[in-house]
Structure formats: structure tokens, C-alpha cells
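What follows is the content of input31.txt, which has compact mmCIF, N, CA and C atoms:
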```txt
# COMPACT_ATOMS: atom_id res chain seq x y z
N MET A 1 98.54 124.99 110.83
CA MET A 1 99.53 124.72 109.81
C MET A 1 98.98 123.66 108.84
N PRO A 2 99.04 123.91 107.55
CA PRO A 2 98.51 122.95 106.57
C PRO A 2 99.25 121.62 106.63
N LYS A 3 98.50 120.55 106.46
CA LYS A 3 99.09 119.21 106.46
C LYS A 3 98.97 118.61 105.07
N ARG A 4 99.86 117.67 104.81
CA ARG A 4 99.82 116.93 103.55
C ARG A 4 98.99 115.68 103.80
N VAL A 5 97.86 115.58 103.09
CA VAL A 5 96.87 114.52 103.33
C VAL A 5 96.77 113.64 102.09
N LEU A 6 96.79 112.33 102.30
CA LEU A 6 96.61 111.37 101.23
C LEU A 6 95.30 110.63 101.44
N LEU A 7 94.42 110.67 100.42
CA LEU A 7 93.13 109.96 100.47
C LEU A 7 93.29 108.60 99.80
N ASP A 8 92.88 107.56 100.48
CA ASP A 8 92.93 106.21 99.93
C ASP A 8 92.15 106.14 98.63
N GLU A 9 92.51 105.21 97.77
CA GLU A 9 91.86 105.13 96.46
C GLU A 9 90.41 104.70 96.53
N CYS A 10 89.97 104.16 97.66
CA CYS A 10 88.57 103.76 97.80
C CYS A 10 87.67 104.94 98.20
N LEU A 11 88.26 106.12 98.38
CA LEU A 11 87.48 107.31 98.74
C LEU A 11 87.18 108.13 97.48
N PRO A 12 86.02 108.81 97.46
CA PRO A 12 85.71 109.66 96.30
C PRO A 12 86.67 110.86 96.23
N GLN A 13 87.11 111.15 95.04
CA GLN A 13 88.06 112.24 94.82
C GLN A 13 87.50 113.59 95.30
N HIS A 14 86.19 113.76 95.23
CA HIS A 14 85.58 115.04 95.61
C HIS A 14 85.67 115.32 97.11
N LEU A 15 86.05 114.32 97.89
CA LEU A 15 86.25 114.54 99.32
C LEU A 15 87.39 115.53 99.56
N LYS A 16 88.26 115.66 98.58
CA LYS A 16 89.38 116.61 98.69
C LYS A 16 88.90 118.03 99.00
N ARG A 17 87.79 118.43 98.39
CA ARG A 17 87.26 119.79 98.58
C ARG A 17 86.89 120.06 100.03
N SER A 18 86.63 119.02 100.79
CA SER A 18 86.20 119.17 102.18
C SER A 18 87.36 119.47 103.12
N LEU A 19 88.57 119.38 102.62
CA LEU A 19 89.74 119.61 103.46
C LEU A 19 90.52 120.83 102.99
N ALA A 20 89.79 121.90 102.76
CA ALA A 20 90.41 123.15 102.33
C ALA A 20 91.44 123.58 103.36
N GLY A 21 92.51 124.15 102.89
CA GLY A 21 93.57 124.61 103.78
C GLY A 21 94.67 123.58 103.95
N HIS A 22 94.47 122.38 103.40
CA HIS A 22 95.48 121.34 103.46
C HIS A 22 95.85 120.94 102.04
N GLU A 23 97.01 120.36 101.88
CA GLU A 23 97.45 119.84 100.58
C GLU A 23 96.95 118.40 100.48
N VAL A 24 95.94 118.16 99.65
CA VAL A 24 95.28 116.85 99.60
C VAL A 24 95.44 116.24 98.22
N ARG A 25 95.88 114.98 98.21
CA ARG A 25 95.98 114.21 96.97
C ARG A 25 95.36 112.84 97.21
N THR A 26 94.98 112.21 96.12
CA THR A 26 94.46 110.84 96.19
C THR A 26 95.60 109.87 95.87
N VAL A 27 95.43 108.62 96.26
CA VAL A 27 96.43 107.60 95.97
C VAL A 27 96.71 107.52 94.47
N PRO A 28 95.68 107.51 93.59
CA PRO A 28 95.98 107.48 92.15
C PRO A 28 96.75 108.73 91.69
N GLU A 29 96.43 109.89 92.24
CA GLU A 29 97.16 111.11 91.86
C GLU A 29 98.63 111.01 92.26
N ALA A 30 98.90 110.31 93.34
CA ALA A 30 100.28 110.13 93.80
C ALA A 30 101.00 109.06 92.98
N GLY A 31 100.26 108.34 92.13
CA GLY A 31 100.85 107.30 91.30
C GLY A 31 100.99 105.96 92.00
N TRP A 32 100.21 105.76 93.06
CA TRP A 32 100.33 104.55 93.88
C TRP A 32 99.09 103.67 93.84
N ALA A 33 98.28 103.77 92.82
CA ALA A 33 97.08 102.95 92.71
C ALA A 33 97.45 101.48 92.74
N SER A 34 96.64 100.67 93.37
CA SER A 34 96.78 99.22 93.46
C SER A 34 97.95 98.76 94.34
N LYS A 35 98.58 99.65 95.07
CA LYS A 35 99.64 99.23 96.01
C LYS A 35 98.98 98.56 97.20
N GLU A 36 99.65 97.57 97.75
CA GLU A 36 99.18 96.90 98.97
C GLU A 36 99.33 97.87 100.14
N ASN A 37 98.52 97.70 101.19
CA ASN A 37 98.51 98.65 102.31
C ASN A 37 99.89 98.88 102.93
N GLY A 38 100.65 97.83 103.19
CA GLY A 38 101.96 97.99 103.81
C GLY A 38 102.89 98.84 102.96
N GLU A 39 102.97 98.54 101.68
CA GLU A 39 103.81 99.30 100.76
C GLU A 39 103.31 100.73 100.63
N LEU A 40 101.99 100.88 100.54
CA LEU A 40 101.39 102.20 100.41
C LEU A 40 101.72 103.08 101.63
N LEU A 41 101.57 102.53 102.82
CA LEU A 41 101.86 103.29 104.03
C LEU A 41 103.33 103.65 104.13
N ALA A 42 104.21 102.75 103.71
CA ALA A 42 105.65 103.03 103.72
C ALA A 42 105.97 104.20 102.78
N LEU A 43 105.37 104.19 101.60
CA LEU A 43 105.58 105.28 100.64
C LEU A 43 104.99 106.59 101.17
N ALA A 44 103.77 106.50 101.68
CA ALA A 44 103.06 107.69 102.14
C ALA A 44 103.72 108.34 103.34
N ALA A 45 104.29 107.54 104.22
CA ALA A 45 104.89 108.07 105.45
C ALA A 45 106.03 109.04 105.16
N ASP A 46 106.67 108.90 104.01
CA ASP A 46 107.78 109.79 103.65
C ASP A 46 107.31 111.11 103.07
N LYS A 47 106.08 111.16 102.57
CA LYS A 47 105.62 112.35 101.84
C LYS A 47 104.37 113.01 102.41
N TYR A 48 103.65 112.32 103.29
CA TYR A 48 102.37 112.83 103.79
C TYR A 48 102.33 112.79 105.31
N ASP A 49 101.47 113.64 105.86
CA ASP A 49 101.29 113.70 107.31
C ASP A 49 100.12 112.83 107.77
N VAL A 50 99.08 112.74 106.91
CA VAL A 50 97.85 112.04 107.29
C VAL A 50 97.38 111.17 106.13
N PHE A 51 96.97 109.94 106.45
CA PHE A 51 96.37 109.03 105.48
C PHE A 51 94.92 108.82 105.90
N VAL A 52 93.97 109.03 104.98
CA VAL A 52 92.55 108.89 105.26
C VAL A 52 92.01 107.71 104.46
N THR A 53 91.28 106.82 105.13
CA THR A 53 90.77 105.60 104.49
C THR A 53 89.42 105.21 105.09
N VAL A 54 88.74 104.29 104.43
CA VAL A 54 87.55 103.66 105.00
C VAL A 54 87.83 102.19 105.30
N ASP A 55 89.07 101.78 105.13
CA ASP A 55 89.48 100.39 105.35
C ASP A 55 89.58 100.13 106.85
N ARG A 56 88.52 99.59 107.41
CA ARG A 56 88.45 99.33 108.86
C ARG A 56 89.44 98.26 109.30
N ASN A 57 89.84 97.40 108.39
CA ASN A 57 90.76 96.32 108.73
C ASN A 57 92.22 96.76 108.75
N LEU A 58 92.51 97.92 108.24
CA LEU A 58 93.89 98.41 108.16
C LEU A 58 94.58 98.36 109.52
N THR A 59 93.88 98.76 110.56
CA THR A 59 94.49 98.80 111.89
C THR A 59 94.80 97.40 112.43
N PHE A 60 94.14 96.37 111.89
CA PHE A 60 94.38 95.01 112.34
C PHE A 60 95.39 94.28 111.44
N GLN A 61 95.48 94.71 110.19
CA GLN A 61 96.34 94.03 109.22
C GLN A 61 97.77 94.53 109.22
N GLN A 62 97.99 95.73 109.69
CA GLN A 62 99.32 96.35 109.61
C GLN A 62 99.83 96.72 111.00
N ASN A 63 101.13 96.66 111.18
CA ASN A 63 101.76 97.17 112.39
C ASN A 63 101.97 98.67 112.18
N LEU A 64 101.00 99.46 112.57
CA LEU A 64 101.00 100.88 112.26
C LEU A 64 102.05 101.66 113.04
N GLU A 65 102.57 101.09 114.09
CA GLU A 65 103.58 101.79 114.89
C GLU A 65 104.87 102.03 114.12
N LYS A 66 105.12 101.24 113.08
CA LYS A 66 106.37 101.41 112.34
C LYS A 66 106.27 102.52 111.28
N PHE A 67 105.09 103.10 111.10
CA PHE A 67 104.90 104.16 110.12
C PHE A 67 104.71 105.50 110.84
N ARG A 68 105.45 106.51 110.47
CA ARG A 68 105.31 107.83 111.08
C ARG A 68 104.31 108.66 110.28
N ILE A 69 103.10 108.16 110.20
CA ILE A 69 102.03 108.88 109.52
C ILE A 69 100.77 108.72 110.37
N ALA A 70 100.00 109.78 110.47
CA ALA A 70 98.72 109.72 111.17
C ALA A 70 97.70 109.06 110.25
N ILE A 71 96.77 108.32 110.83
CA ILE A 71 95.77 107.61 110.04
C ILE A 71 94.38 107.94 110.58
N VAL A 72 93.49 108.31 109.65
CA VAL A 72 92.09 108.55 110.00
C VAL A 72 91.27 107.51 109.26
N VAL A 73 90.52 106.71 110.02
CA VAL A 73 89.64 105.69 109.44
C VAL A 73 88.21 106.22 109.54
N LEU A 74 87.57 106.40 108.39
CA LEU A 74 86.19 106.86 108.34
C LEU A 74 85.27 105.64 108.38
N VAL A 75 84.38 105.61 109.35
CA VAL A 75 83.45 104.49 109.50
C VAL A 75 82.06 105.01 109.12
N ALA A 76 81.63 104.63 107.93
CA ALA A 76 80.34 105.10 107.40
C ALA A 76 79.62 103.91 106.75
N ARG A 77 78.40 104.16 106.34
CA ARG A 77 77.59 103.11 105.71
C ARG A 77 78.23 102.62 104.41
N GLY A 78 78.88 103.52 103.72
CA GLY A 78 79.54 103.19 102.47
C GLY A 78 80.65 104.19 102.21
N ASN A 79 81.24 104.10 101.03
CA ASN A 79 82.31 105.03 100.70
C ASN A 79 81.90 106.07 99.66
N ARG A 80 80.59 106.21 99.46
CA ARG A 80 80.10 107.25 98.55
C ARG A 80 80.16 108.60 99.26
N LEU A 81 80.27 109.65 98.48
CA LEU A 81 80.41 110.99 99.05
C LEU A 81 79.27 111.32 100.00
N GLN A 82 78.03 110.96 99.64
CA GLN A 82 76.89 111.28 100.51
C GLN A 82 76.95 110.52 101.83
N ASP A 83 77.58 109.35 101.85
CA ASP A 83 77.75 108.60 103.09
C ASP A 83 78.81 109.24 103.99
N LEU A 84 79.80 109.85 103.37
CA LEU A 84 80.94 110.40 104.10
C LEU A 84 80.76 111.85 104.54
N MET A 85 79.89 112.59 103.87
CA MET A 85 79.74 114.02 104.18
C MET A 85 79.38 114.31 105.65
N PRO A 86 78.55 113.49 106.31
CA PRO A 86 78.28 113.76 107.73
C PRO A 86 79.53 113.69 108.61
N LEU A 87 80.58 113.02 108.14
CA LEU A 87 81.82 112.89 108.92
C LEU A 87 82.81 114.03 108.64
N VAL A 88 82.52 114.87 107.67
CA VAL A 88 83.48 115.90 107.27
C VAL A 88 83.87 116.85 108.40
N PRO A 89 82.94 117.39 109.20
CA PRO A 89 83.38 118.28 110.29
C PRO A 89 84.37 117.58 111.24
N ALA A 90 84.10 116.35 111.60
CA ALA A 90 85.01 115.60 112.47
C ALA A 90 86.32 115.30 111.76
N LEU A 91 86.26 115.03 110.45
CA LEU A 91 87.46 114.78 109.67
C LEU A 91 88.34 116.02 109.63
N GLN A 92 87.74 117.18 109.41
CA GLN A 92 88.51 118.43 109.38
C GLN A 92 89.22 118.65 110.71
N LEU A 93 88.51 118.45 111.80
CA LEU A 93 89.10 118.62 113.13
C LEU A 93 90.21 117.61 113.36
N ALA A 94 89.98 116.37 112.97
CA ALA A 94 90.99 115.33 113.15
C ALA A 94 92.26 115.65 112.38
N VAL A 95 92.12 116.07 111.12
CA VAL A 95 93.29 116.40 110.31
C VAL A 95 94.04 117.59 110.92
N ASP A 96 93.31 118.55 111.44
CA ASP A 96 93.94 119.72 112.06
C ASP A 96 94.75 119.37 113.30
N THR A 97 94.30 118.35 114.06
CA THR A 97 94.87 118.12 115.38
C THR A 97 95.64 116.81 115.54
N ILE A 98 95.52 115.89 114.60
CA ILE A 98 96.15 114.58 114.74
C ILE A 98 97.67 114.71 114.69
N GLU A 99 98.33 113.82 115.43
CA GLU A 99 99.79 113.81 115.49
C GLU A 99 100.34 112.58 114.75
N PRO A 100 101.57 112.64 114.28
CA PRO A 100 102.17 111.48 113.59
C PRO A 100 102.08 110.23 114.46
N GLY A 101 101.70 109.13 113.85
CA GLY A 101 101.61 107.85 114.54
C GLY A 101 100.26 107.58 115.18
N GLN A 102 99.41 108.60 115.28
CA GLN A 102 98.09 108.40 115.87
C GLN A 102 97.14 107.77 114.87
N VAL A 103 96.17 107.01 115.38
CA VAL A 103 95.10 106.45 114.56
C VAL A 103 93.79 106.91 115.18
N VAL A 104 92.93 107.51 114.34
CA VAL A 104 91.63 108.01 114.80
C VAL A 104 90.55 107.37 113.95
N ARG A 105 89.53 106.85 114.61
CA ARG A 105 88.36 106.30 113.92
C ARG A 105 87.22 107.29 114.08
N LEU A 106 86.58 107.65 112.98
CA LEU A 106 85.47 108.60 113.00
C LEU A 106 84.22 107.94 112.45
N GLY A 107 83.11 108.12 113.13
CA GLY A 107 81.85 107.58 112.63
C GLY A 107 81.23 106.61 113.61
N VAL A 108 80.36 105.76 113.07
CA VAL A 108 79.61 104.83 113.91
C VAL A 108 80.49 103.72 114.45
```

Written as C-alpha cells, how would this file's structure read?
Amino acid sequence: MPKRVLLDECLPQHLKRSLAGHEVRTVPEAGWASKENGELLALAADKYDVFVTVDRNLTFQQNLEKFRIAIVVLVARGNRLQDLMPLVPALQLAVDTIEPGQVVRLGV
């Protein structure tokens, strides 16, 4: 079943193509650029199933249990598309199988 996926603004927009079969938007496309993480997650939890980010500190800075949205944290050398592409197969699988409220870290 297709999921509604929100890509954090620090991710390259072209990463959207890697999640074919899902409804994928970026934070700027949603009109939420420059929102703080807590506010962003509160907004996203009402409209999206999965939030994808490279912000490794998100899990420490926010009480994620209060948000009914799944979170995928990509751990790569950088946030450029070429750094993230090796994680795409795992990202696709994670988006397909993750449940609301779960947090998954992918990468090194």
C-alpha cells in the first residue's frame, strides 16, 4: 500500500524518484521550510506516514513517542544524492514496512 512520505529539507529533492510507488513530497513543497523539528513533526504527523531525514540528533532532541509518524534517519557521509544512493534499497524496504511511531536508522 502506498505511503505518504515527507523528505526533510536537508535532503536532495531528487531522492523522491527513489521511492516510486509512494506519494513523496519535500518539506519546502509542503510549505513548511524553516520550521523547527517539533513543529514540523506535529504538522507532518497529520498528513504523512513517514518522515525521512539525515538529522541524527532528531531522536535525541524530540520526544518522538508523541508523534504518530514513522521516522527514517539516513546515516551517510553527507546529504548529497551520491552519498545517499547506497541507502536507497534499505530506504525503500523501510518505507514499505515501517509502522507509525517507529524510528529506523539506516546506514553506518

Practice problem: Name the closest residue to Ala45 in chain A among the candidates A:Pro86, A:Pro2, A:Gly31, A:Pro100; distances are taken between atoms, counting only C-alpha atoms. | Solution: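 Smallest distance to Ala45 in chain A is found for A:Pro100.
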
Exercise. Would you please give, as an MDAnalysis selection string, all residues of range 24-59 of chain A that DSSP assigns to alpha helix (DSSP H) based on the backbone?
Key: chainID A and resid 27:30 37:47 58:59

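Ranking A:Val108, A:Ala42, A:Leu19, A:Ile69 by their shortest atom-to-atom distance to Leu91 in chain A, with all atoms listed in the file included, puts A:Leu19 first.
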
Quiz prompt | Nearest to Leu41 in chain A, chosen from A:Ile98, A:Val54, A:Val27, A:Leu15, with only C-alpha atoms counted in the distances | solution =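 Among the listed residues, A:Val27 lies closest to Leu41 in chain A.
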
Quiz prompt | Exercise: residues within 10 Å of coordinate (95.4, 117.9, 113.6), counting only C-alpha atoms, as a PyMOL selection string | solution = chain A and resi 1-3+49-50+70+91-100

Quiz item: Which one is closest to Asn37 in chain A: A:Ala90, A:Glu65, A:Leu58, A:Leu84? Count all atoms listed in the file.
Solution: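 Among the listed residues, A:Leu58 lies closest to Asn37 in chain A.
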
Self-check item: Within 8 Å of Arg4 in chain A using only N, CA and C atoms, minus same-chain residues under 2 positions, as a PyMOL selection string
Solution: chain A and resi 1-2+6-7+21-25+47-51

Writer output for current selection, N, CA and C atoms, as a PDB file, in the coordinates of the input:
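Saved file result31.pdb follows:
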```pdb
ATOM      1  N   MET A   1      98.540 124.990 110.830  1.00  0.00           N
ATOM      2  CA  MET A   1      99.530 124.720 109.810  1.00  0.00           C
ATOM      3  C   MET A   1      98.980 123.660 108.840  1.00  0.00           C
ATOM      4  N   PRO A   2      99.040 123.910 107.550  1.00  0.00           N
ATOM      5  CA  PRO A   2      98.510 122.950 106.570  1.00  0.00           C
ATOM      6  C   PRO A   2      99.250 121.620 106.630  1.00  0.00           C
ATOM      7  N   LEU A   6      96.790 112.330 102.300  1.00  0.00           N
ATOM      8  CA  LEU A   6      96.610 111.370 101.230  1.00  0.00           C
ATOM      9  C   LEU A   6      95.300 110.630 101.440  1.00  0.00           C
ATOM     10  N   LEU A   7      94.420 110.670 100.420  1.00  0.00           N
ATOM     11  CA  LEU A   7      93.130 109.960 100.470  1.00  0.00           C
ATOM     12  C   LEU A   7      93.290 108.600  99.800  1.00  0.00           C
ATOM     13  N   GLY A  21      92.510 124.150 102.890  1.00  0.00           N
ATOM     14  CA  GLY A  21      93.570 124.610 103.780  1.00  0.00           C
ATOM     15  C   GLY A  21      94.670 123.580 103.950  1.00  0.00           C
ATOM     16  N   HIS A  22      94.470 122.380 103.400  1.00  0.00           N
ATOM     17  CA  HIS A  22      95.480 121.340 103.460  1.00  0.00           C
ATOM     18  C   HIS A  22      95.850 120.940 102.040  1.00  0.00           C
ATOM     19  N   GLU A  23      97.010 120.360 101.880  1.00  0.00           N
ATOM     20  CA  GLU A  23      97.450 119.840 100.580  1.00  0.00           C
ATOM     21  C   GLU A  23      96.950 118.400 100.480  1.00  0.00           C
ATOM     22  N   VAL A  24      95.940 118.160  99.650  1.00  0.00           N
ATOM     23  CA  VAL A  24      95.280 116.850  99.600  1.00  0.00           C
ATOM     24  C   VAL A  24      95.440 116.240  98.220  1.00  0.00           C
ATOM     25  N   ARG A  25      95.880 114.980  98.210  1.00  0.00           N
ATOM     26  CA  ARG A  25      95.980 114.210  96.970  1.00  0.00           C
ATOM     27  C   ARG A  25      95.360 112.840  97.210  1.00  0.00           C
ATOM     28  N   LYS A  47     106.080 111.160 102.570  1.00  0.00           N
ATOM     29  CA  LYS A  47     105.620 112.350 101.840  1.00  0.00           C
ATOM     30  C   LYS A  47     104.370 113.010 102.410  1.00  0.00           C
ATOM     31  N   TYR A  48     103.650 112.320 103.290  1.00  0.00           N
ATOM     32  CA  TYR A  48     102.370 112.830 103.790  1.00  0.00           C
ATOM     33  C   TYR A  48     102.330 112.790 105.310  1.00  0.00           C
ATOM     34  N   ASP A  49     101.470 113.640 105.860  1.00  0.00           N
ATOM     35  CA  ASP A  49     101.290 113.700 107.310  1.00  0.00           C
ATOM     36  C   ASP A  49     100.120 112.830 107.770  1.00  0.00           C
ATOM     37  N   VAL A  50      99.080 112.740 106.910  1.00  0.00           N
ATOM     38  CA  VAL A  50      97.850 112.040 107.290  1.00  0.00           C
ATOM     39  C   VAL A  50      97.380 111.170 106.130  1.00  0.00           C
ATOM     40  N   PHE A  51      96.970 109.940 106.450  1.00  0.00           N
ATOM     41  CA  PHE A  51      96.370 109.030 105.480  1.00  0.00           C
ATOM     42  C   PHE A  51      94.920 108.820 105.900  1.00  0.00           C
TER      43      PHE A  51
END
```

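The coordinates place atom N of Asp46 in chain A at 27.8 Å from CA of Gly78 in chain A.
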
Exercise. For Val75 in chain A, please output as a list in words all residues within 8 Å (counting all atoms listed in the file; exclusion window: fewer than 6 positions along the same chain).
Key: Thr53, Val54, Asp55, Arg56, Asp83, Leu84, Leu87, Val104, Arg105, Leu106, Gly107 and Val108 of chain A

Print the selection's residues with N, CA and C atoms to a file, as an mmCIF file, keeping the file's coordinate frame.
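Saved result, result-v5.cif, follows:
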```cif
data_model
loop_
_atom_site.group_PDB
_atom_site.id
_atom_site.type_symbol
_atom_site.label_atom_id
_atom_site.label_comp_id
_atom_site.auth_asym_id
_atom_site.auth_seq_id
_atom_site.Cartn_x
_atom_site.Cartn_y
_atom_site.Cartn_z
ATOM 1 N N THR A 53 91.280 106.820 105.130
ATOM 2 C CA THR A 53 90.770 105.600 104.490
ATOM 3 C C THR A 53 89.420 105.210 105.090
ATOM 4 N N VAL A 54 88.740 104.290 104.430
ATOM 5 C CA VAL A 54 87.550 103.660 105.000
ATOM 6 C C VAL A 54 87.830 102.190 105.300
ATOM 7 N N ASP A 55 89.070 101.780 105.130
ATOM 8 C CA ASP A 55 89.480 100.390 105.350
ATOM 9 C C ASP A 55 89.580 100.130 106.850
ATOM 10 N N ARG A 56 88.520 99.590 107.410
ATOM 11 C CA ARG A 56 88.450 99.330 108.860
ATOM 12 C C ARG A 56 89.440 98.260 109.300
ATOM 13 N N ASP A 83 77.580 109.350 101.850
ATOM 14 C CA ASP A 83 77.750 108.600 103.090
ATOM 15 C C ASP A 83 78.810 109.240 103.990
ATOM 16 N N LEU A 84 79.800 109.850 103.370
ATOM 17 C CA LEU A 84 80.940 110.400 104.100
ATOM 18 C C LEU A 84 80.760 111.850 104.540
ATOM 19 N N LEU A 87 80.580 113.020 108.140
ATOM 20 C CA LEU A 87 81.820 112.890 108.920
ATOM 21 C C LEU A 87 82.810 114.030 108.640
ATOM 22 N N VAL A 104 92.930 107.510 114.340
ATOM 23 C CA VAL A 104 91.630 108.010 114.800
ATOM 24 C C VAL A 104 90.550 107.370 113.950
ATOM 25 N N ARG A 105 89.530 106.850 114.610
ATOM 26 C CA ARG A 105 88.360 106.300 113.920
ATOM 27 C C ARG A 105 87.220 107.290 114.080
ATOM 28 N N LEU A 106 86.580 107.650 112.980
ATOM 29 C CA LEU A 106 85.470 108.600 113.000
ATOM 30 C C LEU A 106 84.220 107.940 112.450
ATOM 31 N N GLY A 107 83.110 108.120 113.130
ATOM 32 C CA GLY A 107 81.850 107.580 112.630
ATOM 33 C C GLY A 107 81.230 106.610 113.610
ATOM 34 N N VAL A 108 80.360 105.760 113.070
ATOM 35 C CA VAL A 108 79.610 104.830 113.910
ATOM 36 C C VAL A 108 80.490 103.720 114.450
#
```

Quiz item: Nearest to Gln13 in chain A: which of A:Gly38, A:Val52, A:Phe67, A:Val73 is it, counting only C-alpha atoms?
Solution: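 Closest residue, counting only C-alpha atoms: A:Val52.
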
Quiz prompt | Point-to-point distance in Å for atom N of Thr59 in chain A and CA of Arg77 in chain A | solution =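 Interatomic distance, CA of Arg77 in chain A to atom N of Thr59 in chain A: 17.5 Å.
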
Quiz prompt | CA of Val103 in chain A to atom C of Pro89 in chain A, distance in Å rounded to a single decimal | solution =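 Rounded to one decimal, the two atoms are 15.8 Å apart.
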
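If you measure from each of A:Cys10, A:Leu40, A:Ser34, A:Val5 to Arg80 in chain A using all atoms listed in the file, the closest one turns out to be A:Cys10.
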
Quiz prompt | DSSP strand (DSSP E) residues within chain A, as a PyMOL selection string | solution = chain A and resi 4-7+23-26+50-53+70-75+103-107

Enclose all atoms of range 32-35 of chain A listed in the file in an axis-aligned box, grow every side by 4 Å, and hand back centre and edge lengths in Å to one decimal, as JSON.
```
{"center_x": 98.5, "center_y": 102.2, "center_z": 95.0, "size_x": 11.7, "size_y": 15.2, "size_z": 12.5}
```
